[in-house]
Amino acid sequence: MGSVLIDNYAAMKDVAKYVTGKGCKKIAYITADISMSPSRERYDGFVDGLKEVGIDFDKKLHYPGTFSVETGQIGAMTLLQRNPGIDCIVCGNDLMAIGAVSICQKLGKKIPEDIKVMGFDDIYISKYLNPEITTVRQDAYEMGKQAALMLIRHIEQKEPLTDIVLPYEIMERSTV
């Protein structure tokens, strides 16, 4: 089949350890449908990462939706109304994080002092927002390049399609 991706499970496991290392204890998670990939891998990595640092994830702090700004907004509002002590919202992508940040600001919460927000993907706009989104970076350009090279080698040299796993990194910015 062939794919170019990052290890979503490991990345979100690192996110769980990162935010708990910043002092977060009551962490909410906004995601897309966890029956689908990559949401499932990210969710499992997040839950397992919390377990490794001694925190059992409270399923009441999970809000599923779609990879959209609106899910981030609705999810943040819903979770914060039901669980006022949340000190961090981890989002399945940067669009959700943008929505979560907007709601936190509307509710008068200071970021990152009152609540931290973590994204995933490092979309272009993330570093230009105020505050800048702390996120997991996956290099979209390199992913596309590797996919194109694999396809060219497959067509021209009959090389089999493979799975390529690229590195990721946490981009520490203003929201955590």
# chains A, B, ... in the order shown; residues from 1 in each chain; ligands from 1
$ closest_atom_pairs --of "region 20-79 of chain A" --to "region 103-126 of chain A" --cutoff "10 Å" --atoms "only C-alpha atoms" --output "tab-separated table"
residue	atom	partner	partner_atom	distance
A:Lys22	CA	A:Lys116	CA	9.2
A:Gly23	CA	A:Lys116	CA	10.0
A:Cys24	CA	A:Lys116	CA	8.1
A:Ile27	CA	A:Lys116	CA	9.1
A:Ala28	CA	A:Val117	CA	9.5
A:Tyr29	CA	A:Met118	CA	9.5
A:Ile30	CA	A:Gly119	CA	9.8
A:Arg42	CA	A:Phe120	CA	9.7
A:Gly72	CA	A:Ile103	CA	8.3
A:Gln73	CA	A:Ile103	CA	5.7
A:Ile74	CA	A:Ile103	CA	8.3
A:Gly75	CA	A:Ile103	CA	9.3
A:Ala76	CA	A:Ile103	CA	6.5
A:Met77	CA	A:Ile103	CA	6.4
$ write_last_selection --atoms "C-alpha atoms" --output "short mmCIF file (atom, residue, chain, number, x, y, z; two decimals), in the first residue's frame"
data_model
loop_
_atom_site.label_atom_id
_atom_site.label_comp_id
_atom_site.auth_asym_id
_atom_site.auth_seq_id
_atom_site.Cartn_x
_atom_site.Cartn_y
_atom_site.Cartn_z
CA LYS A 22 4.50 21.57 32.65
CA GLY A 23 2.36 20.88 35.73
CA CYS A 24 -0.95 19.94 34.11
CA ILE A 27 -6.20 17.47 31.06
CA ALA A 28 -9.05 17.46 28.55
CA TYR A 29 -8.77 15.98 25.07
CA ILE A 30 -10.62 17.17 21.97
CA ARG A 42 -3.30 9.73 18.87
CA GLY A 72 -12.42 23.00 19.15
CA GLN A 73 -14.84 25.77 20.11
CA ILE A 74 -17.79 23.55 21.01
CA GLY A 75 -15.54 21.00 22.70
CA ALA A 76 -13.75 23.60 24.82
CA MET A 77 -17.01 25.28 25.85
#
$ select_by_dssp --residues "region 2-165 of chain A" --states "strand (DSSP E)" --output "JSON, numbers by chain"
{"A": [3, 4, 5, 6, 27, 28, 29, 30, 31, 32, 62, 63, 64, 65, 88, 89, 90, 91, 116, 117, 118, 135, 136, 137, 138, 163, 164, 165]}
$ closest_residue --among "A:Ile133, A:Asp163, A:Ala16, A:Ser174" --to "Leu151 (chain A)" --atoms "only C-alpha atoms"
A:Asp163
$ residues_around --residues "Ser68 (chain A)" --least-positions-apart "3" --cutoff "8 Å" --atoms "only C-alpha atoms" --output "list in words"
Thr71, Gly72, Leu95, Met96 and Gly99 of chain A
$ write_last_selection --atoms "N, CA and C atoms" --output "mmCIF file, in the first residue's frame"
data_model
loop_
_atom_site.group_PDB
_atom_site.id
_atom_site.type_symbol
_atom_site.label_atom_id
_atom_site.label_comp_id
_atom_site.auth_asym_id
_atom_site.auth_seq_id
_atom_site.Cartn_x
_atom_site.Cartn_y
_atom_site.Cartn_z
ATOM 1 N N THR A 71 -15.243 22.268 16.158
ATOM 2 C CA THR A 71 -15.150 21.226 17.187
ATOM 3 C C THR A 71 -14.307 21.721 18.359
ATOM 4 N N GLY A 72 -13.239 22.439 18.071
ATOM 5 C CA GLY A 72 -12.419 23.004 19.149
ATOM 6 C C GLY A 72 -13.209 23.969 20.010
ATOM 7 N N LEU A 95 -6.347 23.079 14.103
ATOM 8 C CA LEU A 95 -7.625 23.765 13.906
ATOM 9 C C LEU A 95 -8.462 23.700 15.178
ATOM 10 N N MET A 96 -8.499 22.533 15.801
ATOM 11 C CA MET A 96 -9.220 22.384 17.066
ATOM 12 C C MET A 96 -8.599 23.273 18.140
ATOM 13 N N GLY A 99 -9.718 26.819 17.793
ATOM 14 C CA GLY A 99 -11.065 26.971 18.351
ATOM 15 C C GLY A 99 -11.069 26.968 19.869
#
$ select_by_dssp --residues "region 130-170 of chain A" --states "alpha helix (DSSP H)" --output "MDAnalysis selection string"
chainID A and resid 140:157
$ write_last_selection --atoms "N, CA and C atoms" --output "mmCIF file, in the first residue's frame"
data_model
loop_
_atom_site.group_PDB
_atom_site.id
_atom_site.type_symbol
_atom_site.label_atom_id
_atom_site.label_comp_id
_atom_site.auth_asym_id
_atom_site.auth_seq_id
_atom_site.Cartn_x
_atom_site.Cartn_y
_atom_site.Cartn_z
ATOM 1 N N ALA A 140 5.077 18.528 6.536
ATOM 2 C CA ALA A 140 4.197 18.219 5.402
ATOM 3 C C ALA A 140 4.969 18.238 4.084
ATOM 4 N N TYR A 141 5.899 19.162 3.947
ATOM 5 C CA TYR A 141 6.690 19.224 2.710
ATOM 6 C C TYR A 141 7.489 17.938 2.525
ATOM 7 N N GLU A 142 8.172 17.519 3.582
ATOM 8 C CA GLU A 142 8.982 16.292 3.500
ATOM 9 C C GLU A 142 8.102 15.065 3.266
ATOM 10 N N MET A 143 6.935 15.045 3.864
ATOM 11 C CA MET A 143 6.013 13.928 3.654
ATOM 12 C C MET A 143 5.627 13.835 2.172
ATOM 13 N N GLY A 144 5.294 14.964 1.589
ATOM 14 C CA GLY A 144 4.932 14.989 0.175
ATOM 15 C C GLY A 144 6.094 14.595 -0.720
ATOM 16 N N LYS A 145 7.264 15.097 -0.386
ATOM 17 C CA LYS A 145 8.465 14.780 -1.166
ATOM 18 C C LYS A 145 8.754 13.283 -1.139
ATOM 19 N N GLN A 146 8.708 12.701 0.064
ATOM 20 C CA GLN A 146 8.991 11.272 0.195
ATOM 21 C C GLN A 146 7.935 10.427 -0.526
ATOM 22 N N ALA A 147 6.682 10.852 -0.451
ATOM 23 C CA ALA A 147 5.616 10.130 -1.139
ATOM 24 C C ALA A 147 5.820 10.183 -2.655
ATOM 25 N N ALA A 148 6.184 11.365 -3.164
ATOM 26 C CA ALA A 148 6.420 11.511 -4.606
ATOM 27 C C ALA A 148 7.599 10.660 -5.057
ATOM 28 N N LEU A 149 8.677 10.680 -4.286
ATOM 29 C CA LEU A 149 9.855 9.872 -4.638
ATOM 30 C C LEU A 149 9.523 8.380 -4.623
ATOM 31 N N MET A 150 8.755 7.947 -3.631
ATOM 32 C CA MET A 150 8.368 6.542 -3.554
ATOM 33 C C MET A 150 7.542 6.152 -4.784
ATOM 34 N N LEU A 151 6.621 7.015 -5.149
ATOM 35 C CA LEU A 151 5.768 6.732 -6.302
ATOM 36 C C LEU A 151 6.581 6.694 -7.600
ATOM 37 N N ILE A 152 7.511 7.623 -7.757
ATOM 38 C CA ILE A 152 8.372 7.635 -8.952
ATOM 39 C C ILE A 152 9.190 6.352 -9.027
ATOM 40 N N ARG A 153 9.789 5.945 -7.907
ATOM 41 C CA ARG A 153 10.579 4.705 -7.891
ATOM 42 C C ARG A 153 9.704 3.484 -8.174
ATOM 43 N N HIS A 154 8.478 3.544 -7.698
ATOM 44 C CA HIS A 154 7.541 2.440 -7.937
ATOM 45 C C HIS A 154 7.193 2.337 -9.431
ATOM 46 N N ILE A 155 6.942 3.462 -10.048
ATOM 47 C CA ILE A 155 6.562 3.470 -11.465
ATOM 48 C C ILE A 155 7.764 3.163 -12.366
ATOM 49 N N GLU A 156 8.883 3.843 -12.102
ATOM 50 C CA GLU A 156 10.033 3.720 -13.005
ATOM 51 C C GLU A 156 10.877 2.474 -12.768
ATOM 52 N N GLN A 157 11.015 2.081 -11.498
ATOM 53 C CA GLN A 157 11.927 0.976 -11.185
ATOM 54 C C GLN A 157 11.208 -0.234 -10.587
#
$ closest_residue --among "A:Thr162, A:Gln138, A:Asn8, A:Thr66" --to "Asp44 (chain A)" --atoms "only C-alpha atoms"
A:Asn8
$ atom_distance --atom1 "CA of Tyr43 (chain A)" --atom2 "CA of Gly65 (chain A)"
12.9 Å
$ closest_atom_pairs --of "region 104-157 of chain A" --to "region 170-173 of chain A" --cutoff "8 Å" --atoms "only C-alpha atoms" --output "JSON lines"
{"residue": "A:Asp122", "atom": "CA", "partner": "A:Met171", "partner_atom": "CA", "distance": 7.7}
{"residue": "A:Lys127", "atom": "CA", "partner": "A:Arg173", "partner_atom": "CA", "distance": 7.7}
{"residue": "A:Glu132", "atom": "CA", "partner": "A:Arg173", "partner_atom": "CA", "distance": 5.7}
{"residue": "A:Ile133", "atom": "CA", "partner": "A:Arg173", "partner_atom": "CA", "distance": 5.9}
{"residue": "A:Thr134", "atom": "CA", "partner": "A:Arg173", "partner_atom": "CA", "distance": 4.6}
{"residue": "A:Thr135", "atom": "CA", "partner": "A:Met171", "partner_atom": "CA", "distance": 5.3}
{"residue": "A:Val136", "atom": "CA", "partner": "A:Ile170", "partner_atom": "CA", "distance": 4.4}
{"residue": "A:Arg137", "atom": "CA", "partner": "A:Ile170", "partner_atom": "CA", "distance": 6.1}
$ closest_residue --among "A:His62, A:Val15, A:Asp7, A:Ile55" --to "Glu41 (chain A)" --atoms "only C-alpha atoms"
A:Asp7
$ residues_around --residues "Lys17 (chain A)" --least-positions-apart "5" --cutoff "8 Å" --atoms "only C-alpha atoms" --output "list in words"
Gly49, Leu50 and Val53 of chain A
$ write_last_selection --atoms "N, CA and C atoms" --output "CSV table (one decimal), in the first residue's frame"
chain,number,residue,atom,x,y,z
A,49,GLY,N,0.3,7.7,27.5
A,49,GLY,CA,1.3,8.6,28.0
A,49,GLY,C,0.9,9.1,29.4
A,50,LEU,N,-0.3,9.4,29.6
A,50,LEU,CA,-0.8,9.8,30.9
A,50,LEU,C,-0.6,8.7,31.9
A,53,VAL,N,2.8,8.4,33.5
A,53,VAL,CA,3.1,9.4,34.5
A,53,VAL,C,2.2,9.4,35.7
